[in-house]
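Peer 1: Here you go, this is final_8.cif (mmCIF, C-alpha atoms and all ligand atoms).
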```cif
data_run
#
loop_
_atom_site.label_atom_id
_atom_site.label_comp_id
_atom_site.auth_asym_id
_atom_site.auth_seq_id
_atom_site.Cartn_x
_atom_site.Cartn_y
_atom_site.Cartn_z
CA MET T 953 2.47 -29.72 6.16
CA ARG T 954 0.34 -26.66 6.88
CA ASN T 955 -3.21 -26.23 5.63
CA VAL T 956 -2.80 -22.51 5.11
CA ILE T 957 0.15 -20.16 5.07
CA ILE T 958 -0.65 -16.45 4.81
CA LEU T 959 2.07 -14.08 3.70
CA GLY T 960 1.68 -10.57 5.06
CA SER T 961 0.40 -8.94 8.24
CA GLY T 962 -1.57 -6.02 6.78
CA CYS T 963 -5.35 -5.79 6.65
CA ALA T 964 -5.60 -8.49 3.97
CA GLY T 965 -3.36 -11.05 5.70
CA ASN T 966 -4.87 -10.52 9.14
CA THR T 967 -8.43 -10.79 7.85
CA ALA T 968 -7.54 -14.00 5.99
CA ALA T 969 -6.07 -15.25 9.29
CA ILE T 970 -9.26 -14.43 11.23
CA TYR T 971 -11.41 -16.34 8.76
CA THR T 972 -9.17 -19.38 8.26
CA ALA T 973 -8.48 -19.63 12.01
CA ARG T 974 -12.21 -19.51 12.81
CA ALA T 975 -12.68 -22.27 10.23
CA GLY T 976 -10.29 -24.41 12.30
CA LEU T 977 -7.50 -24.42 9.70
CA LYS T 978 -4.78 -23.22 12.13
CA PRO T 979 -3.17 -20.81 9.68
CA LEU T 980 0.42 -19.67 9.92
CA LEU T 981 0.77 -15.96 9.15
CA LEU T 982 4.23 -14.65 8.30
CA MET T 983 4.51 -10.98 9.09
CA GLY T 984 7.23 -9.92 6.65
CA HIS T 985 9.52 -6.92 6.83
CA GLU T 986 6.70 -4.55 7.77
CA PRO T 987 4.59 -6.03 10.60
CA GLY T 988 1.13 -4.50 10.43
CA GLY T 989 1.62 -3.52 6.79
CA GLN T 990 1.09 -0.02 5.44
CA LEU T 991 -1.31 1.02 8.20
CA SER T 992 1.59 0.71 10.62
CA LEU T 993 3.00 3.81 8.89
CA THR T 994 0.04 6.04 9.50
CA THR T 995 -1.78 7.71 12.39
CA ASP T 996 -5.54 8.39 12.11
CA VAL T 997 -7.71 6.16 9.95
CA GLU T 998 -11.12 7.79 9.56
CA ASN T 999 -12.66 5.67 6.83
CA PHE T 1000 -12.57 2.12 8.20
CA PRO T 1001 -16.20 1.21 8.94
CA GLY T 1002 -17.12 0.68 12.58
CA PHE T 1003 -15.01 3.45 14.11
CA PRO T 1004 -17.05 6.66 14.07
CA GLU T 1005 -14.31 8.52 15.94
CA GLY T 1006 -11.58 7.07 13.69
CA ILE T 1007 -8.85 4.73 14.89
CA ASN T 1008 -5.09 4.80 14.98
CA GLY T 1009 -3.70 2.75 12.03
CA PRO T 1010 -1.28 0.56 14.03
CA ASP T 1011 -4.04 -0.10 16.64
CA LEU T 1012 -6.42 -1.20 13.91
CA VAL T 1013 -4.06 -3.86 12.52
CA GLU T 1014 -2.97 -4.92 16.00
CA ASN T 1015 -6.64 -5.51 16.87
CA MET T 1016 -7.03 -7.64 13.74
CA LYS T 1017 -3.96 -9.69 14.73
CA LYS T 1018 -5.32 -10.22 18.27
CA GLN T 1019 -8.64 -11.31 16.79
CA ALA T 1020 -6.88 -13.84 14.52
CA GLU T 1021 -4.73 -15.16 17.39
CA LYS T 1022 -7.83 -15.54 19.57
CA PHE T 1023 -9.11 -18.10 17.06
CA GLY T 1024 -5.79 -19.96 16.87
CA ALA T 1025 -3.80 -18.24 14.09
CA GLU T 1026 -0.04 -18.36 14.57
CA CYS T 1027 1.53 -15.03 13.65
CA GLU T 1028 5.29 -15.28 13.28
CA TRP T 1029 8.15 -13.06 12.26
CA GLY T 1030 9.56 -14.00 8.89
CA THR T 1031 9.83 -12.94 5.28
CA VAL T 1032 9.52 -15.28 2.33
CA SER T 1033 12.50 -15.01 0.02
CA GLU T 1034 11.64 -17.81 -2.39
CA ALA T 1035 8.62 -19.90 -3.35
CA ASP T 1036 8.22 -23.21 -5.14
CA LEU T 1037 4.67 -23.57 -6.42
CA SER T 1038 5.47 -26.19 -9.04
CA SER T 1039 3.72 -29.08 -7.27
CA LYS T 1040 0.50 -29.31 -5.26
CA HIS T 1041 2.50 -29.23 -2.05
CA PHE T 1042 3.72 -25.66 -2.10
CA ARG T 1043 6.94 -24.60 -0.43
CA VAL T 1044 8.05 -21.19 0.78
CA LYS T 1045 11.50 -20.35 2.06
CA VAL T 1046 11.44 -18.34 5.27
CA GLU T 1047 14.71 -17.11 6.73
CA GLY T 1048 16.55 -19.94 4.95
CA GLU T 1049 14.12 -22.73 5.88
CA TRP T 1050 11.53 -24.31 3.57
CA ILE T 1051 8.03 -24.76 4.95
CA HIS T 1052 5.26 -26.68 3.25
CA THR T 1053 1.59 -25.89 2.78
CA ARG T 1054 -1.49 -27.07 0.93
CA THR T 1055 -2.75 -23.53 0.31
CA LEU T 1056 -1.01 -20.20 0.16
CA ILE T 1057 -2.58 -16.77 0.57
CA ILE T 1058 -0.35 -14.03 -0.80
CA ALA T 1059 -1.14 -10.74 0.95
CA THR T 1060 2.24 -9.10 0.60
CA GLY T 1061 0.92 -5.67 -0.40
CA ALA T 1062 2.44 -3.02 -2.61
CA SER T 1063 4.84 -0.51 -1.12
CA ALA T 1064 4.49 3.14 -2.03
CA ARG T 1065 7.52 4.68 -3.67
CA TRP T 1066 9.02 7.45 -1.57
CA LEU T 1067 11.49 10.11 -2.64
CA GLY T 1068 14.06 9.14 -0.02
CA LEU T 1069 14.30 12.64 1.47
CA PRO T 1070 16.16 12.93 4.77
CA ASN T 1071 13.03 13.69 6.83
CA GLU T 1072 10.32 12.11 4.70
CA HIS T 1073 9.80 8.89 6.66
CA LYS T 1074 9.75 10.66 10.02
CA LEU T 1075 6.77 12.72 8.84
CA ILE T 1076 4.65 9.95 7.28
CA GLY T 1077 1.24 10.24 8.91
CA HIS T 1078 2.09 13.78 10.06
CA GLY T 1079 1.67 15.57 6.75
CA VAL T 1080 3.53 13.21 4.41
CA SER T 1081 1.21 10.78 2.66
CA SER T 1082 1.06 8.43 -0.30
CA CYS T 1083 -2.73 8.19 -0.37
CA ALA T 1084 -5.00 11.11 -1.26
CA THR T 1085 -8.19 9.08 -0.72
CA CYS T 1086 -6.98 8.20 2.78
CA ASP T 1087 -5.62 11.53 3.96
CA GLY T 1088 -7.01 14.31 1.73
CA ALA T 1089 -9.83 15.16 4.14
CA PHE T 1090 -7.29 16.14 6.81
CA TYR T 1091 -6.22 19.14 4.69
CA LYS T 1092 -9.37 21.23 4.38
CA GLU T 1093 -8.43 24.80 3.39
CA ARG T 1094 -4.74 23.90 3.76
CA LYS T 1095 -1.84 24.12 1.32
CA ILE T 1096 -1.25 20.82 -0.46
CA MET T 1097 1.64 19.67 -2.63
CA VAL T 1098 1.52 16.63 -4.91
CA ILE T 1099 4.66 15.07 -6.38
CA GLY T 1100 4.56 13.17 -9.66
CA GLY T 1101 3.96 13.39 -13.37
CA GLY T 1102 1.78 10.40 -14.20
CA ASP T 1103 -1.96 9.75 -14.28
CA SER T 1104 -2.15 9.02 -10.56
CA ALA T 1105 -0.48 12.35 -9.73
CA MET T 1106 -3.06 14.16 -11.90
CA GLU T 1107 -5.90 12.19 -10.36
CA GLU T 1108 -4.69 12.81 -6.82
CA ALA T 1109 -4.12 16.53 -7.49
CA ASN T 1110 -7.64 16.89 -8.91
CA PHE T 1111 -9.14 14.98 -6.00
CA LEU T 1112 -7.22 17.05 -3.44
CA THR T 1113 -8.64 20.33 -4.82
CA ARG T 1114 -11.87 19.30 -3.05
CA PHE T 1115 -10.11 19.98 0.22
CA GLY T 1116 -7.06 22.22 -0.14
CA SER T 1117 -7.02 26.00 -0.49
CA GLU T 1118 -4.42 25.38 -3.22
CA VAL T 1119 -2.71 22.35 -4.75
CA THR T 1120 0.79 22.63 -6.18
CA LEU T 1121 1.82 19.82 -8.49
CA VAL T 1122 5.59 19.40 -8.54
CA HIS T 1123 7.31 17.47 -11.32
CA ARG T 1124 11.01 17.11 -12.01
CA ARG T 1125 10.63 17.48 -15.80
CA ASP T 1126 8.46 19.62 -18.05
CA GLN T 1127 7.17 16.56 -19.95
CA PHE T 1128 4.51 14.40 -18.31
CA ARG T 1129 3.90 10.66 -18.44
CA ALA T 1130 0.22 11.34 -17.72
CA SER T 1131 -2.30 10.79 -20.49
CA LYS T 1132 -3.48 13.92 -22.31
CA ILE T 1133 -6.99 13.70 -20.90
CA MET T 1134 -5.75 13.52 -17.29
CA LEU T 1135 -3.19 16.24 -17.85
CA ASP T 1136 -5.76 18.55 -19.46
CA ARG T 1137 -8.17 17.96 -16.61
CA ALA T 1138 -5.51 18.98 -14.10
CA ARG T 1139 -4.38 21.94 -16.21
CA ASN T 1140 -7.96 23.18 -16.48
CA ASN T 1141 -8.47 23.00 -12.74
CA PRO T 1142 -7.99 26.56 -11.46
CA LYS T 1143 -6.92 25.33 -8.01
CA ILE T 1144 -3.91 23.38 -9.36
CA LYS T 1145 -0.64 25.21 -9.85
CA PHE T 1146 2.01 23.38 -11.91
CA MET T 1147 5.64 23.60 -10.86
CA THR T 1148 7.82 21.81 -13.42
CA ASN T 1149 11.59 21.19 -13.64
CA THR T 1150 11.50 21.15 -9.86
CA THR T 1151 12.69 18.58 -7.33
CA VAL T 1152 12.13 18.37 -3.60
CA GLU T 1153 15.25 18.46 -1.44
CA ASP T 1154 13.59 17.90 1.93
CA VAL T 1155 10.41 18.25 3.94
CA TYR T 1156 10.09 20.10 7.29
CA ASP T 1157 9.55 20.19 10.32
CA VAL T 1158 10.53 17.11 12.30
CA SER T 1159 10.95 19.14 15.51
CA LYS T 1160 7.21 19.99 15.35
CA ASN T 1161 6.28 16.46 14.22
CA LEU T 1162 4.30 18.12 11.44
CA VAL T 1163 4.80 19.12 7.83
CA THR T 1164 5.19 22.89 7.61
CA GLY T 1165 7.15 23.26 4.39
CA VAL T 1166 9.54 21.89 1.79
CA LYS T 1167 12.84 22.85 0.25
CA LEU T 1168 12.62 22.93 -3.55
CA ARG T 1169 15.19 23.14 -6.33
CA ASN T 1170 14.73 24.27 -9.90
CA VAL T 1171 16.79 21.76 -11.89
CA LYS T 1172 17.29 24.18 -14.79
CA THR T 1173 18.42 27.28 -12.88
CA GLY T 1174 19.72 25.64 -9.68
CA GLU T 1175 17.63 28.05 -7.60
CA VAL T 1176 16.74 26.66 -4.15
CA TRP T 1177 13.88 27.97 -2.02
CA ASP T 1178 11.52 27.04 0.80
CA GLN T 1179 7.78 26.85 0.39
CA GLU T 1180 5.06 26.52 3.03
CA VAL T 1181 3.05 23.32 2.72
CA ASP T 1182 0.69 21.49 5.09
CA GLY T 1183 0.07 18.26 3.18
CA PHE T 1184 2.78 16.58 1.09
CA PHE T 1185 1.44 13.80 -1.16
CA LEU T 1186 3.67 11.40 -3.10
CA ALA T 1187 2.10 10.03 -6.28
CA ILE T 1188 5.13 8.38 -7.87
CA GLY T 1189 3.85 4.82 -7.93
CA HIS T 1190 3.84 1.60 -5.93
CA ILE T 1191 5.97 -1.53 -6.03
CA PRO T 1192 4.03 -4.79 -5.54
CA ASN T 1193 5.86 -7.17 -3.20
CA THR T 1194 5.90 -10.16 -5.55
CA LYS T 1195 9.60 -10.77 -6.07
CA PRO T 1196 9.56 -14.32 -4.62
CA PHE T 1197 6.80 -15.28 -7.10
CA VAL T 1198 8.35 -14.04 -10.34
CA GLY T 1199 8.24 -16.93 -12.81
CA GLN T 1200 5.93 -18.89 -10.47
CA ILE T 1201 2.56 -17.18 -10.83
CA ASP T 1202 1.10 -14.90 -13.48
CA LEU T 1203 1.94 -11.25 -12.80
CA ASP T 1204 1.15 -8.19 -14.90
CA GLU T 1205 3.84 -6.00 -16.47
CA ASP T 1206 4.28 -4.04 -13.24
CA GLY T 1207 4.49 -7.14 -11.06
CA TYR T 1208 0.95 -7.15 -9.62
CA ILE T 1209 -0.68 -10.58 -9.32
CA LEU T 1210 -3.06 -11.25 -12.19
CA SER T 1211 -6.37 -12.41 -10.77
CA LYS T 1212 -8.20 -15.34 -12.31
CA GLY T 1213 -11.45 -14.22 -10.68
CA GLY T 1214 -12.37 -13.96 -7.00
CA ALA T 1215 -9.14 -14.46 -5.06
CA ARG T 1216 -7.73 -17.03 -7.48
CA THR T 1217 -4.32 -16.92 -9.13
CA ASN T 1218 -3.42 -19.12 -12.10
CA ILE T 1219 -2.34 -21.83 -9.63
CA PRO T 1220 -5.18 -23.69 -7.87
CA GLY T 1221 -4.58 -23.45 -4.11
CA VAL T 1222 -2.66 -20.17 -4.31
CA PHE T 1223 -4.78 -17.10 -3.59
CA HIS T 1224 -4.21 -13.37 -3.61
CA ALA T 1225 -5.52 -10.74 -1.20
CA GLY T 1226 -5.21 -6.99 -1.01
CA ASP T 1227 -2.90 -4.45 -2.59
CA VAL T 1228 -0.60 -7.10 -4.07
CA GLN T 1229 -3.27 -7.59 -6.72
CA ASP T 1230 -5.34 -4.39 -6.42
CA ARG T 1231 -3.87 -1.44 -8.26
CA THR T 1232 -7.12 0.50 -8.22
CA TYR T 1233 -8.65 0.86 -4.76
CA ARG T 1234 -5.73 0.30 -2.33
CA GLN T 1235 -7.76 0.78 0.83
CA ALA T 1236 -7.73 -0.93 4.21
CA ILE T 1237 -11.35 -2.01 3.82
CA THR T 1238 -10.91 -3.43 0.31
CA ALA T 1239 -7.77 -5.28 1.45
CA ALA T 1240 -9.67 -6.70 4.44
CA GLY T 1241 -12.52 -7.75 2.12
CA ALA T 1242 -10.04 -9.42 -0.20
CA GLY T 1243 -8.52 -11.28 2.76
CA CYS T 1244 -11.96 -12.63 3.59
CA MET T 1245 -12.45 -13.75 -0.03
CA ALA T 1246 -9.08 -15.52 -0.13
CA ALA T 1247 -9.81 -17.31 3.15
CA ILE T 1248 -13.17 -18.57 1.93
CA GLU T 1249 -11.58 -19.75 -1.33
CA ALA T 1250 -8.83 -21.55 0.61
CA GLU T 1251 -11.40 -23.27 2.87
CA ARG T 1252 -13.40 -24.46 -0.15
CA TYR T 1253 -10.29 -25.62 -1.98
CA LEU T 1254 -9.15 -27.67 1.03
CA GLU T 1255 -12.64 -29.10 1.47
CA ALA T 1256 -12.75 -30.14 -2.19
CA GLU T 1257 -9.31 -31.74 -1.84
CA GLY T 1258 -10.58 -33.75 1.13
CA HIS T 1259 -8.73 -31.93 3.95
C1 LIG T 1301 0.71 6.30 4.94
C2 LIG T 1301 -0.49 5.51 4.54
C3 LIG T 1301 -1.74 5.86 5.04
C4 LIG T 1301 -2.87 5.13 4.69
N1 LIG T 1301 -4.08 5.48 5.23
C5 LIG T 1301 -5.17 4.77 4.92
C6 LIG T 1301 -6.46 5.13 5.46
O1 LIG T 1301 -6.58 6.11 6.20
N2 LIG T 1301 -7.52 4.36 5.11
C7 LIG T 1301 -7.41 3.29 4.26
O2 LIG T 1301 -8.40 2.61 4.00
N3 LIG T 1301 -6.22 2.94 3.73
C8 LIG T 1301 -5.11 3.64 4.03
N4 LIG T 1301 -3.90 3.33 3.47
C9 LIG T 1301 -3.85 2.21 2.51
C10 LIG T 1301 -3.86 0.89 3.27
O3 LIG T 1301 -2.88 0.95 4.27
C11 LIG T 1301 -3.57 -0.26 2.31
O4 LIG T 1301 -4.51 -0.26 1.28
C12 LIG T 1301 -3.64 -1.59 3.06
O5 LIG T 1301 -2.70 -1.57 4.12
C13 LIG T 1301 -3.33 -2.77 2.14
O6 LIG T 1301 -3.30 -3.90 2.92
P1 LIG T 1301 -2.56 -5.23 2.46
O7 LIG T 1301 -2.75 -6.18 3.58
O8 LIG T 1301 -3.00 -5.60 1.11
O9 LIG T 1301 -1.03 -4.83 2.31
P2 LIG T 1301 0.01 -4.11 3.27
O10 LIG T 1301 -0.66 -3.32 4.33
O11 LIG T 1301 0.96 -3.43 2.36
O12 LIG T 1301 0.75 -5.33 4.00
C14 LIG T 1301 1.64 -6.14 3.31
C15 LIG T 1301 2.29 -7.09 4.28
O13 LIG T 1301 3.05 -8.04 3.55
C16 LIG T 1301 4.26 -8.27 4.22
N5 LIG T 1301 5.22 -8.81 3.24
C17 LIG T 1301 5.73 -8.20 2.13
N6 LIG T 1301 6.58 -9.03 1.49
C18 LIG T 1301 6.59 -10.18 2.20
C19 LIG T 1301 7.27 -11.43 2.04
N7 LIG T 1301 8.13 -11.65 1.03
N8 LIG T 1301 7.06 -12.40 2.98
C20 LIG T 1301 6.19 -12.20 4.01
N9 LIG T 1301 5.50 -11.04 4.18
C21 LIG T 1301 5.71 -10.05 3.30
C22 LIG T 1301 4.63 -6.94 4.80
O14 LIG T 1301 5.53 -7.10 5.89
C23 LIG T 1301 3.25 -6.44 5.27
O15 LIG T 1301 3.00 -6.94 6.55
C24 LIG T 1301 -2.75 4.03 3.80
C25 LIG T 1301 -1.50 3.68 3.29
C26 LIG T 1301 -0.38 4.40 3.65
C27 LIG T 1301 0.97 4.02 3.10
#
```
Here is the file; what I need is its structure written in the form of structure tokens.
Ligand SMILES: Cc1cc2nc3c(=O)[nH]c(=O)nc-3n(C[C@H](O)[C@H](O)[C@H](O)COP(=O)(O)OP(=O)(O)OC[C@H]3O[C@@H](n4cnc5c(N)ncnc54)[C@H](O)[C@@H]3O)c2cc1C
Peer 2:
Amino acid sequence: MRNVIILGSGCAGNTAAIYTARAGLKPLLLMGHEPGGQLSLTTDVENFPGFPEGINGPDLVENMKKQAEKFGAECEWGTVSEADLSSKHFRVKVEGEWIHTRTLIIATGASARWLGLPNEHKLIGHGVSSCATCDGAFYKERKIMVIGGGDSAMEEANFLTRFGSEVTLVHRRDQFRASKIMLDRARNNPKIKFMTNTTVEDVYDVSKNLVTGVKLRNVKTGEVWDQEVDGFFLAIGHIPNTKPFVGQIDLDEDGYILSKGGARTNIPGVFHAGDVQDRTYRQAITAAGAGCMAAIEAERYLEAEGH
């Protein structure tokens, strides 16, 4: 029986591991399918406090892991496929084996949706991004493209006009899911050019390890053409990694964990941390802060239960 199991090795999970390990709780952290979490996909992180010169994303999470291990956290490979939270002794199934714990910190994140273009993944962190707040500042006076038709695409496009010389918003239909107010705001922004009925076929140029352009297709006319682009931002949503907890804990309609205040879920002893619950801020620092909150809640819960 473990005191604490932490699911996820992003900023939230690693921070929860640092705190619970320093509190002597010997946490087990399961890294999941994406060790290091979303920051493992990126290059420069310029907005994490404490690094005036910026820091490489994978280095940042690796440092957090080392810090947690220094205090006694066990970080292991493994993805939870199933959870049983029906009794006070929680169980999670990892690679076919059930392990037991008194508290569970769910820090499984939310994965950005990608288009699935042939070269998209190879250029993440080199011009392809899913986070305008994170990467917009790298594209000052550059050509930016945003993909999507919902509120977040409008918000990201508006935000990116602070940096780019131009922002092209590409959407596969001519109807938008975005609310009227967000759509109007984007339409009234002189720096945003709308390109509707258009899909992206691929992004270039892997040989330069840099985004230089995209291949586009007009779905009505079938016309295909290349366009120069420096920053390629996906704003087509995120998928919270909560599949093992469906029917076990309260989730919202999109599958994000519903918070009961602080880091609490509806089940005492089960806590949330980071992007798996946060659909608003989605930043490394907010995820790390949430990991700290979950750890402190877990410590207090165990204390109150006499452990
Ligand atoms: C390309 C890119 C660039 C970014 N740049 C910045 C930036 O510059 N600055 C910034 O502040 N933020 C940035 N972000 C956002 C930041 O990375 C996230 O907000 C942060 O990583 C969220 O941390 P998290 O720990 O909540 O989740 P994640 O980082 O998503 O980690 C989730 C973890 O859960 C694990 N997991 C998932 N399912 C399971 C399971 N069933 N069992 C066990 N483990 C599981 C995964 O393997 C992963 O380790 C960027 C994001 C992306 C995608």
Peer 1: Identify the residues within 10 Å of coordinate (0.5, -17.1, -0.1) (same frame as the file), considering only C-alpha atoms, and give the answer as a short mmCIF file (atom, residue, chain, number, x, y, z; two decimals) with C-alpha atoms, in the coordinates of the input.
Peer 2:
```cif
data_model
loop_
_atom_site.label_atom_id
_atom_site.label_comp_id
_atom_site.auth_asym_id
_atom_site.auth_seq_id
_atom_site.Cartn_x
_atom_site.Cartn_y
_atom_site.Cartn_z
CA VAL T 956 -2.80 -22.51 5.11
CA ILE T 957 0.15 -20.16 5.07
CA ILE T 958 -0.65 -16.45 4.81
CA LEU T 959 2.07 -14.08 3.70
CA GLY T 960 1.68 -10.57 5.06
CA GLY T 965 -3.36 -11.05 5.70
CA LEU T 981 0.77 -15.96 9.15
CA LEU T 982 4.23 -14.65 8.30
CA VAL T 1032 9.52 -15.28 2.33
CA ALA T 1035 8.62 -19.90 -3.35
CA LEU T 1037 4.67 -23.57 -6.42
CA PHE T 1042 3.72 -25.66 -2.10
CA ARG T 1043 6.94 -24.60 -0.43
CA VAL T 1044 8.05 -21.19 0.78
CA THR T 1053 1.59 -25.89 2.78
CA THR T 1055 -2.75 -23.53 0.31
CA LEU T 1056 -1.01 -20.20 0.16
CA ILE T 1057 -2.58 -16.77 0.57
CA ILE T 1058 -0.35 -14.03 -0.80
CA ALA T 1059 -1.14 -10.74 0.95
CA THR T 1060 2.24 -9.10 0.60
CA PHE T 1197 6.80 -15.28 -7.10
CA GLY T 1221 -4.58 -23.45 -4.11
CA VAL T 1222 -2.66 -20.17 -4.31
CA PHE T 1223 -4.78 -17.10 -3.59
CA HIS T 1224 -4.21 -13.37 -3.61
CA ALA T 1225 -5.52 -10.74 -1.20
CA ALA T 1246 -9.08 -15.52 -0.13
#
```
Peer 1: Need the shell around range 999-1015 of chain T: protein/DNA/RNA residues with any atom at most 7 Å away, counting all atoms listed in the file. Skip same-chain ones fewer than 5 positions apart. Format as a VMD selection string?
Peer 2: chain T and resid 962 to 963 988 991 to 992 994 1236 to 1237
Peer 1: Kindly save the residues from that selection, with C-alpha atoms included, as a CSV table (one decimal), keeping the file's coordinate frame.
Peer 2:
```
chain,number,residue,atom,x,y,z
T,962,GLY,CA,-1.6,-6.0,6.8
T,963,CYS,CA,-5.4,-5.8,6.6
T,988,GLY,CA,1.1,-4.5,10.4
T,991,LEU,CA,-1.3,1.0,8.2
T,992,SER,CA,1.6,0.7,10.6
T,994,THR,CA,0.0,6.0,9.5
T,1236,ALA,CA,-7.7,-0.9,4.2
T,1237,ILE,CA,-11.4,-2.0,3.8
```
Peer 1: Ranking T:Val1080, T:Glu1026, T:Ala1239, T:Val1163 by minimum distance to Gly989 in chain T and counting all atoms listed in the file, which one comes first?
Peer 2: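 That would be T:Ala1239, the residue with the smallest distance to Gly989 in chain T.
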Peer 1: Would you mind telling me which residue in T:Met1097, T:Ala1256, T:Leu977, T:Ile1209 lies nearest to Pro1196 in chain T when using all atoms listed in the file?
Peer 2: T:Ile1209
Peer 1: Might you pull out every residue within 6 Å of range 1045-1047 of chain T, with all atoms listed in the file counted and same-chain residues fewer than 5 positions away left off, and present them as a PyMOL selection string?
Peer 2: chain T and resi 1030-1034
Peer 1: Hey, can you spit out that residue selection with C-alpha atoms as a short mmCIF file (atom, residue, chain, number, x, y, z; two decimals), keeping the file's coordinate frame?
Peer 2:
```
data_model
loop_
_atom_site.label_atom_id
_atom_site.label_comp_id
_atom_site.auth_asym_id
_atom_site.auth_seq_id
_atom_site.Cartn_x
_atom_site.Cartn_y
_atom_site.Cartn_z
CA GLY T 1030 9.56 -14.00 8.89
CA THR T 1031 9.83 -12.94 5.28
CA VAL T 1032 9.52 -15.28 2.33
CA SER T 1033 12.50 -15.01 0.02
CA GLU T 1034 11.64 -17.81 -2.39
#
```
Peer 1: Using CA of Gly1226 in chain T and atom N9 of ligand LIG 1301 (chain T) as the two end points, give the distance in Å to one decimal.
Peer 2: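 Interatomic distance here is 12.6 Å.
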Peer 1: For each of T:Ser1211, T:Asn1141, T:Asn955, T:Thr1150, take the minimum atom-to-atom distance to Arg1114 in chain T, counting all atoms listed in the file, then give the residue where this is smallest.
Peer 2: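 The answer is T:Asn1141, which sits nearest to Arg1114 in chain T.
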Peer 1: Do you have the CA of Ser1082 in chain T-CA of Asp1227 in chain T distance handy?
Peer 2: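 Going from CA of Ser1082 in chain T over to CA of Asp1227 in chain T covers 13.7 Å.
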Peer 1: Using only C-alpha atoms, which residues sit within 9 Å of Gln1019 in chain T once same-chain residues fewer than 6 positions away are excluded, as number ranges by chain?
Peer 2: T: 966-967, 969-970, 1025
Peer 1: Ranking T:Pro1070, T:Gly1243, T:Gly1213, T:Gly1189 by minimum distance to ligand LIG 1301 (chain T) and counting all atoms listed in the file, which one comes first?
Peer 2: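 Nearest candidate to ligand LIG 1301 (chain T) out of T:Pro1070, T:Gly1243, T:Gly1213, T:Gly1189: T:Gly1243.
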Peer 1: So how far away is CA of Asp1126 in chain T from CA of Val1152 in chain T, in Å?
Peer 2: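 CA of Asp1126 in chain T lies 15.0 Å from CA of Val1152 in chain T.
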Peer 1: T:Ala964, T:Val1158, T:Ile1248, T:Val997: which is nearest Asp1230 in chain T, counting all atoms listed in the file?
Peer 2: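 Smallest distance to Asp1230 in chain T is found for T:Ala964.
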Peer 1: May I ask which of the residues T:Gly1258, T:Gly1101, T:Gly1077, T:Gly1068 is the closest one to ligand LIG 1301 (chain T), counting only C-alpha atoms and all ligand atoms?
Peer 2: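 Smallest distance to ligand LIG 1301 (chain T) is found for T:Gly1077.
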Peer 1: Write out as a list in words the residues lying within 10 Å of Asp1157 in chain T, counting only C-alpha atoms and excluding same-chain residues fewer than 5 positions away.
Peer 2: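 Neighbouring residues, sequence-local ones excluded: Asn1071, Glu1072, Lys1074, Leu1075, His1078, Gly1079, Leu1162, Val1163, Thr1164, Gly1165 and Val1166 of chain T.
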Peer 1: Would you mind exporting C-alpha atoms of the selected residues as a compact mmCIF listing (two decimals), keeping the file's coordinate frame?
Peer 2:
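That gives us result_19.txt:
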```
# COMPACT_ATOMS: atom_id res chain seq x y z
CA ASN T 1071 13.03 13.69 6.83
CA GLU T 1072 10.32 12.11 4.70
CA LYS T 1074 9.75 10.66 10.02
CA LEU T 1075 6.77 12.72 8.84
CA HIS T 1078 2.09 13.78 10.06
CA GLY T 1079 1.67 15.57 6.75
CA LEU T 1162 4.30 18.12 11.44
CA VAL T 1163 4.80 19.12 7.83
CA THR T 1164 5.19 22.89 7.61
CA GLY T 1165 7.15 23.26 4.39
CA VAL T 1166 9.54 21.89 1.79
```
Peer 1: At a cut-off of 12 Å around the point (-14.0, -19.5, 0.6) (file coordinates), what residues fall inside when counting all atoms listed in the file? I'd like the answer as a list in words.
Peer 2: Ala968, Tyr971, Thr972, Ala975, Thr1055, Ile1057, Gly1214, Ala1215, Arg1216, Gly1221, Phe1223, Gly1241, Ala1242, Gly1243, Cys1244, Met1245, Ala1246, Ala1247, Ile1248, Glu1249, Ala1250, Glu1251, Arg1252, Tyr1253, Leu1254, Glu1255 and Ala1256 of chain T
Peer 1: Restrict the output to range 1248-1255 of chain T and N, CA and C atoms, then write it as a compact mmCIF listing (two decimals), in the first residue's frame.
Peer 2:
```txt
# COMPACT_ATOMS: atom_id res chain seq x y z
N ILE T 1248 0.22 19.19 -1.04
CA ILE T 1248 -0.09 19.66 0.32
C ILE T 1248 -1.44 19.07 0.77
N GLU T 1249 -2.39 19.01 -0.14
CA GLU T 1249 -3.70 18.41 0.20
C GLU T 1249 -3.52 16.93 0.55
N ALA T 1250 -2.69 16.23 -0.21
CA ALA T 1250 -2.48 14.80 0.06
C ALA T 1250 -1.82 14.59 1.42
N GLU T 1251 -0.81 15.43 1.72
CA GLU T 1251 -0.15 15.34 3.04
C GLU T 1251 -1.17 15.52 4.16
N ARG T 1252 -2.00 16.55 4.04
CA ARG T 1252 -2.98 16.87 5.10
C ARG T 1252 -4.02 15.77 5.23
N TYR T 1253 -4.42 15.22 4.09
CA TYR T 1253 -5.41 14.13 4.11
C TYR T 1253 -4.82 12.93 4.85
N LEU T 1254 -3.57 12.57 4.52
CA LEU T 1254 -2.95 11.40 5.16
C LEU T 1254 -2.78 11.64 6.66
N GLU T 1255 -2.37 12.84 6.99
CA GLU T 1255 -2.21 13.23 8.40
C GLU T 1255 -3.54 13.04 9.15
```
